[in-house]
file data-v6.txt (compact mmCIF, C-alpha atoms)
# COMPACT_ATOMS: atom_id res chain seq x y z
CA MET A 1 15.31 -119.78 80.08
CA HIS A 2 14.29 -122.97 81.83
CA SER A 3 12.95 -123.56 85.30
CA GLY A 4 11.40 -126.64 86.85
CA ASP A 5 13.46 -128.79 84.46
CA THR A 6 13.31 -131.83 86.76
CA SER A 7 9.66 -132.20 85.78
CA GLU A 8 10.57 -132.98 82.15
CA LYS A 9 11.15 -136.52 80.94
CA ILE A 10 12.98 -136.55 77.60
CA VAL A 11 12.10 -139.61 75.52
CA TYR A 12 13.89 -138.70 72.27
CA VAL A 13 16.60 -136.27 71.16
CA ASP A 14 18.32 -135.87 67.79
CA ASN A 15 20.90 -133.15 67.09
CA LEU A 16 22.42 -134.84 64.04
CA HIS A 17 19.65 -135.07 61.42
CA LYS A 18 18.17 -131.55 61.34
CA SER A 19 17.23 -131.46 57.67
CA GLY A 20 14.85 -132.95 55.13
CA SER A 21 11.08 -133.30 54.99
CA LEU A 22 10.67 -133.95 58.72
CA PHE A 23 12.83 -134.39 61.78
CA CYS A 24 12.24 -134.44 65.51
CA ALA A 25 14.78 -132.52 67.57
CA LEU A 26 13.25 -133.36 70.93
CA ALA A 27 10.26 -135.22 72.39
CA GLY A 28 9.12 -135.78 75.93
CA VAL A 29 6.61 -135.52 78.72
CA THR A 30 6.23 -132.71 81.26
CA ASN A 31 5.08 -133.96 84.67
CA PRO A 32 3.27 -131.79 87.22
CA SER A 33 5.44 -129.11 88.85
CA PRO A 34 4.18 -125.80 90.29
CA GLU A 35 7.51 -124.18 89.33
CA TYR A 36 7.59 -125.40 85.74
CA LYS A 37 8.30 -122.72 83.15
CA ILE A 38 10.12 -122.77 79.83
CA SER A 39 10.77 -119.72 77.65
CA ARG A 40 12.02 -119.61 74.09
CA TYR A 41 12.91 -116.31 72.40
CA PRO A 42 12.34 -117.46 69.72
CA THR A 43 11.38 -121.12 69.29
CA LYS A 44 13.92 -123.04 67.22
CA GLU A 45 11.44 -125.63 65.96
CA TYR A 46 7.67 -126.08 65.76
CA ILE A 47 6.26 -127.20 69.11
CA ILE A 48 3.29 -129.57 69.08
CA GLU A 49 1.96 -130.58 72.49
CA TYR A 50 -1.10 -132.02 74.20
CA VAL A 51 -2.16 -131.20 77.77
CA ILE A 52 -3.22 -134.43 79.45
CA SER A 53 -4.42 -132.93 82.72
CA GLY A 54 -4.08 -129.85 84.92
CA ARG A 55 -3.81 -126.25 83.76
CA GLY A 56 -1.18 -123.91 82.38
CA TYR A 57 -0.52 -120.94 80.13
CA ILE A 58 1.15 -120.05 76.85
CA GLU A 59 2.42 -116.48 76.97
CA THR A 60 3.54 -114.35 74.02
CA PRO A 61 4.33 -110.62 73.96
CA GLU A 62 0.78 -110.03 72.66
CA ASP A 63 -1.36 -112.48 74.66
CA THR A 64 -1.63 -115.13 77.37
CA VAL A 65 -3.54 -118.25 76.38
CA PRO A 66 -4.84 -120.63 79.08
CA VAL A 67 -4.64 -124.37 78.43
CA SER A 68 -6.06 -127.35 80.31
CA GLY A 69 -6.62 -131.09 80.01
CA GLY A 70 -7.59 -131.96 76.44
CA THR A 71 -5.93 -128.94 74.81
CA LEU A 72 -3.84 -129.43 71.68
CA CYS A 73 -1.26 -126.66 71.18
CA VAL A 74 0.72 -125.86 68.04
CA ILE A 75 3.39 -123.16 68.31
CA ARG A 76 5.10 -121.98 65.16
CA LYS A 77 8.86 -121.77 64.77
CA ASP A 78 10.42 -118.35 65.50
CA THR A 79 7.69 -117.41 68.00
CA ASN A 80 8.64 -115.68 71.26
CA VAL A 81 6.84 -117.74 73.87
CA SER A 82 6.80 -118.90 77.50
CA CYS A 83 4.91 -121.99 78.67
CA TYR A 84 4.23 -122.56 82.35
CA SER A 85 2.05 -124.49 84.78
CA ASP A 86 -0.71 -123.10 86.94
CA PRO A 87 0.84 -123.51 90.42
CA ALA A 88 -2.56 -124.46 91.87
CA ASP A 89 -3.09 -127.27 89.33
CA PRO A 90 0.18 -128.06 87.50
CA TYR A 91 -0.30 -129.68 84.14
CA THR A 92 0.92 -132.90 82.59
CA LYS A 93 1.64 -132.64 78.87
CA ILE A 94 3.21 -134.65 76.07
CA TRP A 95 5.13 -132.88 73.31
CA LEU A 96 7.41 -132.91 70.29
CA ASN A 97 9.74 -130.27 68.84
CA LEU A 98 9.72 -130.75 65.07
CA ASP A 99 10.82 -129.11 61.83
CA GLY A 100 11.30 -129.92 58.17
CA ASP A 101 10.06 -128.85 54.75
CA MET A 102 6.93 -131.00 54.77
CA LEU A 103 5.99 -129.95 58.29
CA VAL A 104 6.29 -126.28 57.29
CA LYS A 105 3.83 -126.89 54.44
CA ALA A 106 1.43 -128.79 56.72
CA VAL A 107 1.46 -126.04 59.35
CA ASP A 108 0.92 -123.36 56.69
CA MET A 109 -1.99 -125.38 55.31
CA PHE A 110 -3.79 -126.12 58.59
CA ILE A 111 -2.66 -123.83 61.39
CA PRO A 112 -3.98 -120.25 61.22
CA SER A 113 -1.90 -118.53 63.92
CA ASP A 114 1.51 -118.49 65.62
CA VAL A 115 -0.03 -120.04 68.75
CA TYR A 116 -2.99 -122.29 67.98
CA THR A 117 -4.97 -124.11 70.68
CA VAL A 118 -8.06 -126.30 70.40
CA GLN A 119 -9.83 -128.95 72.46
CA ALA A 120 -9.18 -132.23 70.67
CA ASN A 121 -9.10 -135.85 71.80
CA VAL A 122 -5.70 -136.69 70.26
CA TYR A 123 -3.62 -138.11 73.10
CA ASP A 124 -3.43 -141.50 71.40
CA ILE A 125 -1.77 -139.90 68.36
CA PHE A 126 0.95 -138.39 70.54
CA LEU A 127 1.56 -141.76 72.19
CA GLU A 128 1.82 -143.32 68.75
CA MET A 129 4.38 -140.73 67.62
CA HIS A 130 6.46 -141.26 70.77
CA SER A 131 6.27 -145.00 70.23
CA ARG A 132 7.49 -144.64 66.64
CA LEU A 133 10.40 -142.47 67.77
CA SER A 134 11.45 -145.12 70.29
CA ASP A 135 12.01 -147.53 67.37
CA ILE A 136 14.00 -145.16 65.15
CA SER A 137 17.43 -146.12 63.81
CA ASP A 138 19.73 -145.16 60.94
CA VAL A 139 18.22 -148.02 58.92
CA ASN A 140 14.54 -147.15 59.33
CA ARG A 141 14.72 -143.38 59.95
CA SER A 142 13.04 -142.40 56.66
CA ASP A 143 10.21 -144.92 57.13
CA ILE A 144 9.58 -143.84 60.72
CA TYR A 145 9.45 -140.17 59.81
CA ALA A 146 7.04 -140.94 56.96
CA GLU A 147 4.76 -142.66 59.49
CA ILE A 148 5.03 -139.74 61.91
CA MET A 149 4.22 -137.26 59.12
CA ALA A 150 1.07 -139.23 58.37
CA LEU A 151 0.13 -139.05 62.05
CA ILE A 152 0.72 -135.27 62.03
CA PHE A 153 -1.63 -134.86 59.08
CA ARG A 154 -4.22 -136.89 60.97
CA LEU A 155 -3.62 -134.76 64.06
CA PHE A 156 -4.01 -131.47 62.17
CA THR A 157 -7.10 -132.72 60.34
CA LEU A 158 -8.83 -133.68 63.59
CA ALA A 159 -7.80 -130.40 65.21
CA THR A 160 -9.16 -128.19 62.44
CA LYS A 161 -12.10 -130.21 61.09
CA ASP A 162 -14.69 -127.86 62.62
CA THR A 163 -12.99 -124.93 60.88
CA TYR A 164 -12.70 -126.48 57.44
CA PHE A 165 -15.70 -128.81 57.56
CA PRO A 166 -18.24 -127.05 59.82
CA ARG A 167 -21.52 -128.75 60.58
CA GLY A 168 -24.76 -126.88 60.24
CA GLU A 169 -26.73 -126.01 63.35
CA ASP A 170 -29.35 -128.61 62.43
CA GLY A 171 -26.75 -131.26 61.60
CA SER A 172 -25.90 -132.10 65.19
CA SER A 173 -28.64 -133.66 67.29
CA LEU A 174 -28.62 -133.82 71.09
CA ASP A 175 -27.53 -137.47 71.14
CA GLU A 176 -24.65 -136.69 68.74
CA ARG A 177 -23.52 -133.75 70.86
CA ILE A 178 -23.59 -135.92 73.99
CA ARG A 179 -21.46 -138.55 72.29
CA ALA A 180 -19.00 -135.92 71.03
CA TYR A 181 -18.74 -134.52 74.57
CA ILE A 182 -17.99 -137.97 75.97
CA ASP A 183 -15.37 -138.58 73.25
CA ALA A 184 -13.69 -135.26 74.08
CA ASN A 185 -13.55 -136.08 77.79
CA VAL A 186 -12.61 -139.74 77.75
CA TYR A 187 -9.36 -138.95 79.65
CA THR A 188 -11.14 -137.01 82.42
CA ASP A 189 -13.22 -138.03 85.44
CA LEU A 190 -16.43 -137.58 83.48
CA SER A 191 -19.72 -138.39 85.21
CA LEU A 192 -23.38 -138.36 84.26
CA ASP A 193 -23.73 -135.32 86.51
CA ASP A 194 -21.14 -133.50 84.38
CA ILE A 195 -23.05 -134.33 81.20
CA SER A 196 -26.32 -133.22 82.78
CA GLU A 197 -24.78 -129.90 83.81
CA LYS A 198 -23.19 -129.41 80.38
CA PHE A 199 -26.46 -129.78 78.47
CA GLY A 200 -28.88 -128.51 81.12
CA ILE A 201 -31.12 -131.57 81.10
CA THR A 202 -31.84 -134.36 83.56
CA LYS A 203 -29.73 -137.48 83.80
CA MET A 204 -32.71 -139.69 82.96
CA HIS A 205 -33.38 -137.71 79.77
CA ILE A 206 -29.72 -138.01 78.76
CA ILE A 207 -29.82 -141.77 79.24
CA ARG A 208 -33.10 -142.05 77.35
CA VAL A 209 -32.08 -140.10 74.22
CA PHE A 210 -28.59 -141.61 74.12
CA LYS A 211 -29.79 -145.20 74.46
CA LYS A 212 -32.49 -144.66 71.84
CA LYS A 213 -29.86 -143.60 69.29
CA TYR A 214 -26.89 -145.81 70.21
CA GLY A 215 -28.42 -148.78 72.01
CA THR A 216 -26.33 -148.28 75.13
CA THR A 217 -26.09 -145.90 78.06
CA PRO A 218 -23.61 -143.01 78.19
CA GLY A 219 -21.81 -144.73 81.06
CA GLN A 220 -21.38 -147.98 79.14
CA TYR A 221 -20.33 -146.07 76.03
CA LEU A 222 -17.58 -144.34 78.05
CA ILE A 223 -16.39 -147.72 79.38
CA ASP A 224 -16.35 -149.18 75.86
CA ARG A 225 -14.35 -146.20 74.55
CA ARG A 226 -11.80 -146.55 77.32
CA VAL A 227 -11.44 -150.28 76.73
CA SER A 228 -10.95 -149.66 73.00
CA ILE A 229 -8.24 -147.09 73.72
CA ALA A 230 -6.61 -149.45 76.20
CA GLN A 231 -6.50 -152.20 73.56
CA SER A 232 -4.75 -149.83 71.15
CA LEU A 233 -2.23 -148.69 73.77
CA LEU A 234 -1.49 -152.25 74.88
CA THR A 235 -0.69 -153.41 71.35
CA SER A 236 0.96 -150.34 69.81
CA THR A 237 2.98 -148.88 72.71
CA ILE A 238 5.18 -150.05 75.57
CA MET A 239 3.28 -147.88 78.03
CA PRO A 240 3.07 -149.69 81.42
CA ILE A 241 -0.35 -151.05 82.35
CA LYS A 242 -0.35 -148.93 85.50
CA GLU A 243 0.07 -145.76 83.41
CA ILE A 244 -2.70 -146.82 81.00
CA SER A 245 -4.97 -147.38 84.00
CA SER A 246 -4.19 -143.92 85.37
CA LEU A 247 -4.56 -142.26 81.96
CA LEU A 248 -8.04 -143.73 81.52
CA ARG A 249 -9.06 -142.53 85.00
CA TYR A 250 -9.48 -145.89 86.71
CA SER A 251 -9.20 -145.70 90.50
CA ASN A 252 -6.49 -148.36 90.54
CA THR A 253 -4.89 -151.06 88.39
CA GLN A 254 -7.12 -153.78 89.84
CA HIS A 255 -10.27 -151.88 88.83
CA PHE A 256 -8.88 -151.40 85.34
CA SER A 257 -7.93 -155.06 85.00
CA SER A 258 -11.37 -156.19 86.18
CA SER A 259 -13.20 -153.83 83.82
CA PHE A 260 -10.97 -154.78 80.89
CA LYS A 261 -11.37 -158.51 81.51
CA SER A 262 -15.15 -158.14 81.77
CA ALA A 263 -15.24 -156.47 78.36
CA VAL A 264 -12.55 -158.39 76.47
CA GLY A 265 -12.39 -161.74 78.23
CA CYS A 266 -8.79 -161.56 79.47
CA THR A 267 -6.56 -159.31 81.57
CA PRO A 268 -4.65 -156.39 80.02
CA GLY A 269 -1.36 -158.23 80.48
CA LYS A 270 -2.66 -161.34 78.72
CA TYR A 271 -4.15 -159.23 75.94
CA ARG A 272 -0.78 -157.53 75.33
CA GLN A 273 1.01 -160.89 75.38
CA ASN A 274 -1.40 -162.39 72.83
CA ASN A 275 -1.43 -159.42 70.45
CA THR A 276 2.16 -158.20 70.22

call {"tool": "encode", "arguments": {"input": "data-v6.txt", "output": "structure tokens"}}
result
Amino acid sequence: MHSGDTSEKIVYVDNLHKSGSLFCALAGVTNPSPEYKISRYPTKEYIIEYVISGRGYIETPEDTVPVSGGTLCVIRKDTNVSCYSDPADPYTKIWLNLDGDMLVKAVDMFIPSDVYTVQANVYDIFLEMHSRLSDISDVNRSDIYAEIMALIFRLFTLATKDTYFPRGEDGSSLDERIRAYIDANVYTDLSLDDISEKFGITKMHIIRVFKKKYGTTPGQYLIDRRVSIAQSLLTSTIMPIKEISSLLRYSNTQHFSSSFKSAVGCTPGKYRQNNT
């Protein structure tokens, strides 16, 4: 059952090559819609998606799992599931429906449940996979899928690293936890007030301990991270500059262009022109 289908933008579909180590049946982006809901009883492929912003829910016969901006979701094939937006704050998400022998092995290796969710800063990987799919042809199909499989392994490794490679309680200092929190929220409207509330310490103390360790302020670190991501998106995707600006939470394209030029020495458009 589908509802709210007008909110979905399909960027890739393949009904002819459903075999082998990996294939993508469908890929796209779901834009905000209070009425959005999609149900699959059961899923025909593995669904891998990332919530960019907003809130929603993944519902199975046994449970309802809330998701929000920054959530990576992996749903196994043959799972009875419904996915829908929170009407008060409809989500935006990017997704792929995938299958194949190698993917099955990767999911069995990394993913512990039929519906797995985790907070993970992996939006750039999804953009990279969509970008690779946009270049696919009968000539390069095997090479493109090999590249996408490598990106999936990277995605799963990042998503499960705390499970398989846990850090000891004493292995994560305050400054490291602050940086990790900034990295996890680079696509949100993060402020110093948010960081202060998260860790229960004053803004001045946050600035002091962060600058002592990293030689820069949390605010400047966030700007540098966003500029670095923008550089990657400008050179490895065809994503419009306006969308990159919005993704990285700049108030408008002019603000983004000014900030980027201050850091890099040229405008985003010129940077893309010189590096692609």

call {"tool": "closest_residue", "arguments": {"input": "data-v6.txt", "among": "A:Gln231, A:Asn31, A:Ser85, A:Ser259", "to": "Ile58 (chain A)", "atoms": "only C-alpha atoms"}}
result
A:Ser85

call {"tool": "residues_around", "arguments": {"input": "data-v6.txt", "residues": "Asn275 (chain A)", "least_positions_apart": "6", "cutoff": "12 Å", "atoms": "only C-alpha atoms", "output": "PyMOL selection string"}}
result
chain A and resi 231-237+266+268-269

call {"tool": "closest_residue", "arguments": {"input": "data-v6.txt", "among": "A:Leu174, A:Val104, A:Leu247, A:Ile238", "to": "Tyr123 (chain A)", "atoms": "all atoms listed in the file"}}
result
A:Leu247

call {"tool": "residues_around", "arguments": {"input": "data-v6.txt", "residues": "region 162-164 of chain A", "least_positions_apart": "4", "cutoff": "12 Å", "atoms": "only C-alpha atoms", "output": "MDAnalysis selection string"}}
result
chainID A and resid 109:112 118:120 156:158 168

call {"tool": "atom_distance", "arguments": {"input": "data-v6.txt", "atom1": "CA of Ile136 (chain A)", "atom2": "CA of Tyr12 (chain A)"}}
result
9.6 Å

call {"tool": "closest_residue", "arguments": {"input": "data-v6.txt", "among": "A:Ile38, A:Val139, A:Ala230, A:Met204", "to": "Ser7 (chain A)", "atoms": "only C-alpha atoms"}}
result
A:Ile38

call {"tool": "closest_residue", "arguments": {"input": "data-v6.txt", "among": "A:Ser262, A:Thr267, A:Thr202, A:Ser21", "to": "Ile148 (chain A)", "atoms": "only C-alpha atoms"}}
result
A:Ser21

call {"tool": "decode", "arguments": {"input": "data-v6.txt", "residues": "region 70-88 of chain A", "atoms": "N, CA, C and O atoms", "output": "PDB file, in the first residue's frame"}}
result
ATOM      1  N   GLY A  70      19.318  12.210  11.010  1.00  0.00           N
ATOM      2  CA  GLY A  70      20.557  11.553  11.411  1.00  0.00           C
ATOM      3  C   GLY A  70      20.431  10.067  11.635  1.00  0.00           C
ATOM      4  O   GLY A  70      21.421   9.404  11.965  1.00  0.00           O
ATOM      5  N   THR A  71      19.222   9.503  11.441  1.00  0.00           N
ATOM      6  CA  THR A  71      19.020   8.075  11.662  1.00  0.00           C
ATOM      7  C   THR A  71      19.275   7.278  10.385  1.00  0.00           C
ATOM      8  O   THR A  71      18.706   7.564   9.341  1.00  0.00           O
ATOM      9  N   LEU A  72      20.148   6.278  10.492  1.00  0.00           N
ATOM     10  CA  LEU A  72      20.331   5.297   9.439  1.00  0.00           C
ATOM     11  C   LEU A  72      19.417   4.119   9.733  1.00  0.00           C
ATOM     12  O   LEU A  72      19.346   3.647  10.872  1.00  0.00           O
ATOM     13  N   CYS A  73      18.703   3.632   8.720  1.00  0.00           N
ATOM     14  CA  CYS A  73      17.775   2.507   8.886  1.00  0.00           C
ATOM     15  C   CYS A  73      18.135   1.418   7.875  1.00  0.00           C
ATOM     16  O   CYS A  73      18.334   1.706   6.696  1.00  0.00           O
ATOM     17  N   VAL A  74      18.205   0.196   8.356  1.00  0.00           N
ATOM     18  CA  VAL A  74      18.384  -0.967   7.484  1.00  0.00           C
ATOM     19  C   VAL A  74      17.243  -1.934   7.768  1.00  0.00           C
ATOM     20  O   VAL A  74      17.059  -2.363   8.911  1.00  0.00           O
ATOM     21  N   ILE A  75      16.463  -2.252   6.741  1.00  0.00           N
ATOM     22  CA  ILE A  75      15.321  -3.154   6.880  1.00  0.00           C
ATOM     23  C   ILE A  75      15.574  -4.374   6.011  1.00  0.00           C
ATOM     24  O   ILE A  75      15.797  -4.266   4.804  1.00  0.00           O
ATOM     25  N   ARG A  76      15.549  -5.536   6.647  1.00  0.00           N
ATOM     26  CA  ARG A  76      15.838  -6.769   5.923  1.00  0.00           C
ATOM     27  C   ARG A  76      14.720  -7.124   4.931  1.00  0.00           C
ATOM     28  O   ARG A  76      13.559  -6.780   5.133  1.00  0.00           O
ATOM     29  N   LYS A  77      15.116  -7.840   3.907  1.00  0.00           N
ATOM     30  CA  LYS A  77      14.168  -8.401   2.945  1.00  0.00           C
ATOM     31  C   LYS A  77      13.209  -9.357   3.652  1.00  0.00           C
ATOM     32  O   LYS A  77      13.559  -9.990   4.643  1.00  0.00           O
ATOM     33  N   ASP A  78      11.969  -9.405   3.166  1.00  0.00           N
ATOM     34  CA  ASP A  78      10.919 -10.286   3.698  1.00  0.00           C
ATOM     35  C   ASP A  78      10.424  -9.861   5.080  1.00  0.00           C
ATOM     36  O   ASP A  78       9.892 -10.679   5.834  1.00  0.00           O
ATOM     37  N   THR A  79      10.574  -8.572   5.397  1.00  0.00           N
ATOM     38  CA  THR A  79      10.050  -8.030   6.647  1.00  0.00           C
ATOM     39  C   THR A  79       8.725  -7.324   6.378  1.00  0.00           C
ATOM     40  O   THR A  79       8.607  -6.567   5.408  1.00  0.00           O
ATOM     41  N   ASN A  80       7.731  -7.561   7.212  1.00  0.00           N
ATOM     42  CA  ASN A  80       6.459  -6.837   7.118  1.00  0.00           C
ATOM     43  C   ASN A  80       6.620  -5.492   7.811  1.00  0.00           C
ATOM     44  O   ASN A  80       6.844  -5.429   9.030  1.00  0.00           O
ATOM     45  N   VAL A  81       6.500  -4.408   7.043  1.00  0.00           N
ATOM     46  CA  VAL A  81       6.859  -3.109   7.601  1.00  0.00           C
ATOM     47  C   VAL A  81       6.055  -1.987   6.948  1.00  0.00           C
ATOM     48  O   VAL A  81       5.673  -2.064   5.782  1.00  0.00           O
ATOM     49  N   SER A  82       5.779  -0.946   7.741  1.00  0.00           N
ATOM     50  CA  SER A  82       5.222   0.313   7.244  1.00  0.00           C
ATOM     51  C   SER A  82       6.136   1.447   7.682  1.00  0.00           C
ATOM     52  O   SER A  82       6.622   1.462   8.815  1.00  0.00           O
ATOM     53  N   CYS A  83       6.393   2.383   6.785  1.00  0.00           N
ATOM     54  CA  CYS A  83       7.205   3.558   7.099  1.00  0.00           C
ATOM     55  C   CYS A  83       6.349   4.797   6.844  1.00  0.00           C
ATOM     56  O   CYS A  83       5.737   4.912   5.780  1.00  0.00           O
ATOM     57  N   TYR A  84       6.322   5.715   7.812  1.00  0.00           N
ATOM     58  CA  TYR A  84       5.491   6.896   7.613  1.00  0.00           C
ATOM     59  C   TYR A  84       6.037   8.096   8.378  1.00  0.00           C
ATOM     60  O   TYR A  84       6.765   7.964   9.363  1.00  0.00           O
ATOM     61  N   SER A  85       5.676   9.280   7.882  1.00  0.00           N
ATOM     62  CA  SER A  85       6.114  10.542   8.465  1.00  0.00           C
ATOM     63  C   SER A  85       5.313  10.887   9.709  1.00  0.00           C
ATOM     64  O   SER A  85       4.146  10.498   9.848  1.00  0.00           O
ATOM     65  N   ASP A  86       5.933  11.631  10.591  1.00  0.00           N
ATOM     66  CA  ASP A  86       5.214  12.295  11.677  1.00  0.00           C
ATOM     67  C   ASP A  86       4.505  13.503  11.060  1.00  0.00           C
ATOM     68  O   ASP A  86       5.170  14.395  10.521  1.00  0.00           O
ATOM     69  N   PRO A  87       3.177  13.555  11.093  1.00  0.00           N
ATOM     70  CA  PRO A  87       2.466  14.661  10.443  1.00  0.00           C
ATOM     71  C   PRO A  87       2.886  16.039  10.951  1.00  0.00           C
ATOM     72  O   PRO A  87       2.826  17.027  10.211  1.00  0.00           O
ATOM     73  N   ALA A  88       3.331  16.111  12.206  1.00  0.00           N
ATOM     74  CA  ALA A  88       3.719  17.404  12.781  1.00  0.00           C
ATOM     75  C   ALA A  88       5.099  17.855  12.310  1.00  0.00           C
ATOM     76  O   ALA A  88       5.409  19.052  12.347  1.00  0.00           O
TER      77      ALA A  88
END
